[in-house]
Amino acid sequence: MRSMRRHRTTVTRKGSTMNKLLPNINGPADLQKLSDAELVRLAQEIREELVRVLSIRPAHFASNLGVVELCLALHLTFDFSKDKDRLIWDTGHQIYPHKLVTGRFKNFGTIRTKGGLMGYPNPHESEFDLFMTGHAGCSPSTALGLKLGDEIMGRPDWHSIAVLGDGALPSGIVFEALNNAGHLKRKLLVILNDNQMSICPRVGALASTLDRARLTSFYQDSKKQVRNLLSQLPLLGQLATSAFDHIRDAAKALLTGGMLFEELGFHYIGPIDGHDLPTLRHWLNTVKEHPGPVLLHVLTVKGKGVAEASQDPVTYHTPPVFEKIGPDGSIVSLKKGGSKAYTDAVSATIHEIMKEDPRVSVTTAAMCQGNKLEKVRADYPTRFFDVGICESHAVACAAGMAKAGARPICSIYSTFLQRSFDQIFQEVALQNLPVVFTLDRAGLTGPDGPTHHGCFDIGYMRLFPNMVVMAPGDELDVAPMLRFAVGHTANPTSMRYPKAGLEKVERGVTQVELGQAEILDWGEDAIILAFGTLMPTCVKAAEKLKAEGLDVGVVNARFCKPLDRATVLRAVDEARVVVTVEEGTLEGGFGSAVLEAVNAAGMDTRNIIRLGIPDRFIEHAERGELFADLGLDINGIATTIRKALINRSSTAESPAFATQ
């Protein structure tokens, strides 16, 4: 690490006299022109560029530092340009070096900004990105599908490669793909990028198996090593080839754990040093000629090249902005965080409830840090379960706990809970078990973009009989609502909240009762039915309109299912315009539930306007920018109500409005 830092200082000091390599890389073909020494320099420049971007805005960091050499080796060995070989980066948050060497250096400073490069693979940006990936574990399946599709289309010689992280390895879909690929015996390369991490340290029995591999000498040349050993033993040196192969395989099983993959039909090679570029190139060229499926086990260091990131890869997975960088490239300080977020309020309440009730447990899927459950894990280790990136298992396991009488909380991001759709149906809702789902990152996640926006949970949760679907309106709702959920033993419950700072509307003591909305203010001109934490924004929009002479009320809906039908029907009956507001998709969302209830009551729905996320995938940008674009900010909501009232009334009916 010290040598790396000395190298960085040299590059920085001589920057004015030494030509940079990275700005001249317009595509992978340019890599072929570089010497070994220049490739080492290029790897350093890529890491410096990652540091530069993190001094401007938060972005994925440690995971990208760890794959620089692997990325270069892949592009030096294969041709991933259009109509050539195939490459899928699993999860996708380690895509930055790939973007830098595939012609996107000039635009790299725009990454994770509105209209700029996406922080994940994006086929709209480059022919080198085949899938927009943001969820873990799917790359072996899609890579196998690409291989089979190419064969069907008459392209049998094209290579198909999946780069899979060790944190994603336990995902069920990975083993479904490996099992099928081993059976089909097609030419497929799965690179296991083993850095001992997902976002937090990896967990599970497979992690222990991989850890044992790290303790052994590198095994990539196993056949030669074992043959040399046997030749020195007079008796064993005369063994037939078949006997030799048995001993070699036994040694592989003993030393590396590679027999797990061998039994699935893959030829296992490794582990090899993922930061040794010549070694990587050698083995990639070797496996390139293998006729069947190969698993190449590569050892990397998450945060490689930046001491702070390699020593604390959890913090530096997606760190705050680098406030100050030392002359040697060291990170002196990180920008301090702002106000408390909804995640903080939920995790603090979970901790309080677990202190009070020994039946309560928490299950998460590799998101202990993201859901800020570190204190829960530390204080209640026997009731905290991180199952790794295995959401389906997390939900089914929670159902088992509920059946046994425990009170399980499933704390999973909205976008990732989608992966357990069938278990929510079969194991939880169908059995009517009181599992509590706390859905972090619900709504728009900002710069993470469409793979991570939690847009769909309102729709997919309200589909199921027995399911209670709710959302706090602000900070004051969080603790009462979560306590209600844990205490509600009649049904499973879902509570969603965004990745956003806490807001609150000052009022009296809040109480949460099943299916009961909270009327903050009533209005004759318009009533806003707010579901979720856009409620404070709705209050401000109403205040803006009141200052213009309009009578606008706001209802904190709290529940999408069961819906407070009495309040909804009264609003439709008494107000000239009713506007539903939600940070979720309009298709099947809260507004749809309101329309269904009004229609079922035989009432006119023409004065109902729905605001939410339209029927398209939303690109990445800051949350405020997205809200403004979608009409979900204060001005957008106010403008919608003004226009609706103009359409529904004449100047004579609304003299106050005539002055606008």
# chains A, B, ... in the order shown; residues from 1 in each chain; ligands from 1
$ residues_around --residues "range 466-472 of chain A" --least-positions-apart "2" --cutoff "8 Å" --atoms "only C-alpha atoms" --output "ChimeraX atom specification"
/A:429-430,432,458,461-462,464,474-475,477-478,481,491-497,531-533,558-562
$ closest_residue --among "A:Glu622, A:Glu374, A:Glu596, A:Glu69" --to "Leu39 in chain A" --atoms "only C-alpha atoms"
A:Glu69
$ residues_around --residues "Trp283 in chain A" --least-positions-apart "6" --cutoff "12 Å" --atoms "only C-alpha atoms" --output "NGL selection string"
:A and (70 or 73-74 or 77 or 189 or 191 or 219-221 or 268-274 or 276-277 or 289-290 or 294-298)
$ write_last_selection --atoms "N, CA and C atoms" --output "PDB file, in the first residue's frame"
ATOM      1  N   LEU A  70      -8.818  -6.472 -13.244  1.00  0.00           N
ATOM      2  CA  LEU A  70      -9.700  -7.462 -13.854  1.00  0.00           C
ATOM      3  C   LEU A  70     -10.376  -6.891 -15.093  1.00  0.00           C
ATOM      4  N   ALA A  73      -7.779  -6.668 -17.886  1.00  0.00           N
ATOM      5  CA  ALA A  73      -7.447  -7.995 -18.404  1.00  0.00           C
ATOM      6  C   ALA A  73      -8.548  -8.534 -19.308  1.00  0.00           C
ATOM      7  N   LEU A  74      -9.799  -8.320 -18.923  1.00  0.00           N
ATOM      8  CA  LEU A  74     -10.918  -8.799 -19.739  1.00  0.00           C
ATOM      9  C   LEU A  74     -10.931  -8.134 -21.112  1.00  0.00           C
ATOM     10  N   THR A  77      -8.148  -9.348 -23.369  1.00  0.00           N
ATOM     11  CA  THR A  77      -8.224 -10.752 -23.788  1.00  0.00           C
ATOM     12  C   THR A  77      -9.366 -11.012 -24.760  1.00  0.00           C
ATOM     13  N   LEU A 189     -17.911 -18.683 -19.295  1.00  0.00           N
ATOM     14  CA  LEU A 189     -16.937 -18.312 -18.272  1.00  0.00           C
ATOM     15  C   LEU A 189     -17.626 -17.485 -17.195  1.00  0.00           C
ATOM     16  N   ILE A 191     -16.616 -15.587 -13.808  1.00  0.00           N
ATOM     17  CA  ILE A 191     -15.498 -15.108 -13.000  1.00  0.00           C
ATOM     18  C   ILE A 191     -16.034 -14.757 -11.622  1.00  0.00           C
ATOM     19  N   TYR A 219      -3.813 -22.245  -6.586  1.00  0.00           N
ATOM     20  CA  TYR A 219      -3.979 -23.606  -7.079  1.00  0.00           C
ATOM     21  C   TYR A 219      -4.178 -23.657  -8.592  1.00  0.00           C
ATOM     22  N   GLN A 220      -3.931 -22.499  -9.239  1.00  0.00           N
ATOM     23  CA  GLN A 220      -4.296 -22.442 -10.638  1.00  0.00           C
ATOM     24  C   GLN A 220      -3.516 -23.416 -11.508  1.00  0.00           C
ATOM     25  N   ASP A 221      -2.325 -23.822 -11.055  1.00  0.00           N
ATOM     26  CA  ASP A 221      -1.540 -24.762 -11.853  1.00  0.00           C
ATOM     27  C   ASP A 221      -1.528 -26.112 -11.173  1.00  0.00           C
ATOM     28  N   TYR A 268     -13.068 -25.758 -12.516  1.00  0.00           N
ATOM     29  CA  TYR A 268     -12.692 -24.728 -11.542  1.00  0.00           C
ATOM     30  C   TYR A 268     -11.206 -24.422 -11.659  1.00  0.00           C
ATOM     31  N   ILE A 269     -10.882 -23.128 -11.738  1.00  0.00           N
ATOM     32  CA  ILE A 269      -9.493 -22.677 -11.748  1.00  0.00           C
ATOM     33  C   ILE A 269      -9.346 -21.560 -10.723  1.00  0.00           C
ATOM     34  N   GLY A 270      -8.337 -21.728  -9.860  1.00  0.00           N
ATOM     35  CA  GLY A 270      -8.100 -20.671  -8.888  1.00  0.00           C
ATOM     36  C   GLY A 270      -7.801 -21.227  -7.516  1.00  0.00           C
ATOM     37  N   PRO A 271      -7.693 -20.317  -6.551  1.00  0.00           N
ATOM     38  CA  PRO A 271      -7.851 -18.869  -6.726  1.00  0.00           C
ATOM     39  C   PRO A 271      -6.584 -18.227  -7.283  1.00  0.00           C
ATOM     40  N   ILE A 272      -6.758 -17.144  -8.048  1.00  0.00           N
ATOM     41  CA  ILE A 272      -5.620 -16.412  -8.599  1.00  0.00           C
ATOM     42  C   ILE A 272      -5.697 -14.950  -8.157  1.00  0.00           C
ATOM     43  N   ASP A 273      -4.563 -14.270  -8.239  1.00  0.00           N
ATOM     44  CA  ASP A 273      -4.446 -12.887  -7.783  1.00  0.00           C
ATOM     45  C   ASP A 273      -5.141 -11.963  -8.780  1.00  0.00           C
ATOM     46  N   GLY A 274      -6.190 -11.320  -8.346  1.00  0.00           N
ATOM     47  CA  GLY A 274      -6.960 -10.447  -9.222  1.00  0.00           C
ATOM     48  C   GLY A 274      -6.344  -9.087  -9.445  1.00  0.00           C
ATOM     49  N   ASP A 276      -2.875  -8.961 -10.219  1.00  0.00           N
ATOM     50  CA  ASP A 276      -1.682  -9.277 -10.999  1.00  0.00           C
ATOM     51  C   ASP A 276      -2.109  -9.363 -12.464  1.00  0.00           C
ATOM     52  N   LEU A 277      -1.917  -8.285 -13.196  1.00  0.00           N
ATOM     53  CA  LEU A 277      -2.437  -8.200 -14.556  1.00  0.00           C
ATOM     54  C   LEU A 277      -1.864  -9.276 -15.483  1.00  0.00           C
ATOM     55  N   GLU A 289      -9.828 -21.068 -24.326  1.00  0.00           N
ATOM     56  CA  GLU A 289      -9.822 -22.223 -25.218  1.00  0.00           C
ATOM     57  C   GLU A 289     -10.559 -23.428 -24.645  1.00  0.00           C
ATOM     58  N   HIS A 290     -11.014 -23.328 -23.402  1.00  0.00           N
ATOM     59  CA  HIS A 290     -11.691 -24.478 -22.794  1.00  0.00           C
ATOM     60  C   HIS A 290     -13.067 -24.653 -23.427  1.00  0.00           C
ATOM     61  N   VAL A 294     -16.511 -22.812 -17.318  1.00  0.00           N
ATOM     62  CA  VAL A 294     -15.358 -22.621 -16.442  1.00  0.00           C
ATOM     63  C   VAL A 294     -15.722 -21.607 -15.367  1.00  0.00           C
ATOM     64  N   LEU A 295     -15.311 -21.879 -14.141  1.00  0.00           N
ATOM     65  CA  LEU A 295     -15.392 -20.883 -13.075  1.00  0.00           C
ATOM     66  C   LEU A 295     -13.973 -20.483 -12.692  1.00  0.00           C
ATOM     67  N   LEU A 296     -13.645 -19.225 -12.925  1.00  0.00           N
ATOM     68  CA  LEU A 296     -12.335 -18.677 -12.598  1.00  0.00           C
ATOM     69  C   LEU A 296     -12.459 -17.885 -11.302  1.00  0.00           C
ATOM     70  N   HIS A 297     -11.789 -18.373 -10.270  1.00  0.00           N
ATOM     71  CA  HIS A 297     -11.877 -17.789  -8.932  1.00  0.00           C
ATOM     72  C   HIS A 297     -10.765 -16.748  -8.774  1.00  0.00           C
ATOM     73  N   VAL A 298     -11.155 -15.481  -8.692  1.00  0.00           N
ATOM     74  CA  VAL A 298     -10.209 -14.367  -8.664  1.00  0.00           C
ATOM     75  C   VAL A 298     -10.287 -13.682  -7.303  1.00  0.00           C
TER      76      VAL A 298
END
$ residues_around --residues "Gln511 in chain A" --least-positions-apart "3" --cutoff "10 Å" --atoms "only C-alpha atoms" --output "JSON, numbers by chain"
{"A": [476, 477, 479, 480, 481, 484, 508, 516, 518]}
